[in-house]
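Chemist: Input: one structure, supplied below.
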Amino acid sequence: LIQLLIISTRLAGLTYMVGKLLSDVLRNMVIMVIVIIGFALFLTALREPYFETYGDSALILTMFMVGLEVPPFLEMSAPGMCVLILFIIISDIGLLSILVAQLALAYEQLSAQNIGYAQMNRAFVCIEVESVLPLSTRRRLYQSLGFDTPLEFESGDEGPAGGIQRNEPASVQSEPHYHPDRIIRSTEPSTEMDPWPEEAHDHAQDLASKR
């Protein structure tokens with residue numbers, strides 16, 4: 001169902017961005033789990049109150065990390081309290097702060113190019129869907145696109161085949177940043193020995209003087 005969001009470019013960009021951010025979160029969670037395992041083994045070896053078994057130690061440290069209410073630790077010894085304080089510094093101040101900064105930086109980078117990433121993701125999904133279609137269906141779709149038909153630049157001026165033509169609206173020429181096409185095409189037959197057309201040369205000079 002999530003793949004249906006690629007129909008909309010904005011939703012596809014948002015989905016791609018959320019997926020990338022979740023991958024960063026999962027990588028940080030792996031590091032957090034390793035830190036919890038290490039400190040849980042250390043506190044269990046010290047036989048501190050509330051840390052008699054490894055399961056209790058891992059559970060209490062996880063509650064510390066997520067901010068849940070934990071029992072008081074007034075009966076702990078000085079080494080055990082130092083280990084617990086060190087865990088709080090590494091987990092809350094270190095790892096969580098790094099995770100927030102990493103997510104903010106990743107969001108800033110992805111949000112600037114989310115449309116491009118969304119279009120790439122859409123193309124990837126389309127290729128994946130095409131791979132499961134029968135060969136006869138893929139041939140019928142290919143023939144319906146007319147890739148073997150030459151593209152027509154102008155009336156009587158045929159170009160190469162293998163593309164999909166899209167006409168440019170006339171309103172584009174009224175845009176302030178519009179620049180006329182600098183490629184001069186001639187529909188007449190020509191050879192390498194023919195001189196350069198005078199009209200095309202004058203047109204190119206006019207374009208160069210306007211820039």
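In the structure tokens, the first chain shown is A, the next is B, and so on; residue numbers restart at 1 for each chain, and ligands run from 1 in the order shown.
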Any idea what's packed within 8 Å of stretch 145-156 of chain A, counting only C-alpha atoms, ignoring anything in its chain fewer than 5 positions away? Could you give it as a list in words?

Modeler: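 That gives Ala161, Gly162, Gly163, Ile164, Gln165 and Thr187 of chain A.
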
Chemist: Those same residues, written as a compact mmCIF listing (two decimals), in the first residue's frame with N, CA, C and O atoms?

Modeler:
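Here's the written file out_33.txt:
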```txt
# COMPACT_ATOMS: atom_id res chain seq x y z
N ALA A 161 14.51 8.13 -33.87
CA ALA A 161 13.44 7.39 -33.20
C ALA A 161 13.89 7.01 -31.79
O ALA A 161 15.01 7.28 -31.38
N GLY A 162 12.97 6.38 -31.06
CA GLY A 162 13.32 5.89 -29.73
C GLY A 162 12.99 6.84 -28.61
O GLY A 162 13.62 6.80 -27.55
N GLY A 163 12.04 7.72 -28.78
CA GLY A 163 11.68 8.68 -27.73
C GLY A 163 10.20 8.96 -27.73
O GLY A 163 9.44 8.48 -28.57
N ILE A 164 9.78 9.77 -26.76
CA ILE A 164 8.40 10.22 -26.65
C ILE A 164 8.39 11.73 -26.82
O ILE A 164 9.09 12.44 -26.09
N GLN A 165 7.63 12.20 -27.79
CA GLN A 165 7.63 13.62 -28.12
C GLN A 165 6.61 14.36 -27.29
O GLN A 165 5.50 13.88 -27.05
N THR A 187 16.04 21.45 -43.55
CA THR A 187 15.38 20.25 -44.06
C THR A 187 15.88 19.83 -45.43
O THR A 187 15.52 18.76 -45.91
```

Chemist: Excluding A:Cys82 and its own-chain neighbours fewer than 3 positions away, which residues fall within 12 Å of it when counting only C-alpha atoms? Please give them as a list in words.

Modeler: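 Here the answer would be Phe39, Phe42, Leu43, Leu46, Glu48, Phe73, Met76, Ser77, Ala78, Pro79, Ile85, Leu86, Phe87, Ile88 and Ile89 of chain A.
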
Chemist: To one decimal in Å, tell me the separation between atom CA of A:Leu99 and atom CA of A:Gln119.

Modeler: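 Straight-line distance from atom CA of A:Leu99 to atom CA of A:Gln119 works out to 27.7 Å.
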
Chemist: Interatomic distance between atom CA of A:Leu41 and atom CA of A:Tyr54?

Modeler: 6.4 Å

Chemist: Could you give me the residues within stretch 112-181 of chain A that DSSP places in strand (DSSP E), as a list in words?

Modeler: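 Matching residues for strand (DSSP E) in stretch 112-181 of chain A are Glu152, Phe153, Glu154, Asp157 and Glu158 of chain A.
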
Chemist: Please indicate the distance in Å from atom CA of A:Gly38 to atom CA of A:Ala58, rounded to one decimal place.

Modeler: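 Atom CA of A:Ala58 lies at a distance of 9.3 Å from atom CA of A:Gly38.
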
Chemist: Give me, as a PyMOL selection string, all polymer residues having an atom no more than 10 Å from A:Phe64, counting only C-alpha atoms and skipping those fewer than 4 positions away in the same chain.

Modeler: chain A and resi 58-60+68-70+84+87-88+91-92

Chemist: For N, CA and C atoms, I'd like the residues from the last selection saved as a compact mmCIF listing (two decimals), in the first residue's frame.

Modeler:
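What landed in result_18.txt:
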```
# COMPACT_ATOMS: atom_id res chain seq x y z
N ALA A 58 19.24 -5.10 32.03
CA ALA A 58 18.93 -4.60 30.69
C ALA A 58 17.60 -3.85 30.67
N LEU A 59 16.60 -4.34 31.43
CA LEU A 59 15.30 -3.68 31.47
C LEU A 59 15.40 -2.31 32.12
N ILE A 60 16.12 -2.21 33.24
CA ILE A 60 16.23 -0.92 33.93
C ILE A 60 17.02 0.09 33.08
N LEU A 68 11.53 6.39 31.17
CA LEU A 68 10.47 5.89 32.03
C LEU A 68 10.89 5.99 33.50
N GLU A 69 9.91 5.84 34.37
CA GLU A 69 10.20 5.93 35.81
C GLU A 69 10.93 4.68 36.26
N VAL A 70 12.01 4.89 37.02
CA VAL A 70 12.85 3.79 37.51
C VAL A 70 12.91 3.85 39.03
N LEU A 84 26.52 3.77 36.41
CA LEU A 84 25.18 4.20 35.99
C LEU A 84 25.20 5.63 35.45
N PHE A 87 26.66 5.59 32.04
CA PHE A 87 25.68 5.12 31.06
C PHE A 87 24.71 6.23 30.67
N ILE A 88 24.26 7.01 31.64
CA ILE A 88 23.32 8.11 31.35
C ILE A 88 23.99 9.14 30.45
N SER A 91 24.34 7.51 26.87
CA SER A 91 23.08 7.24 26.18
C SER A 91 22.26 8.50 25.93
N ASP A 92 21.99 9.26 26.99
CA ASP A 92 21.11 10.42 26.85
C ASP A 92 21.82 11.61 26.22
```

Chemist: So that I can see what lies close to stretch 25-34 of chain A, please list as a ChimeraX atom specification the residues with an atom at most 10 Å from it, counting only C-alpha atoms and leaving out residues fewer than 2 positions away in the same chain.

Modeler: /A:19-23,36-40,58,62,65,90-91,95-96,98-100,102-103
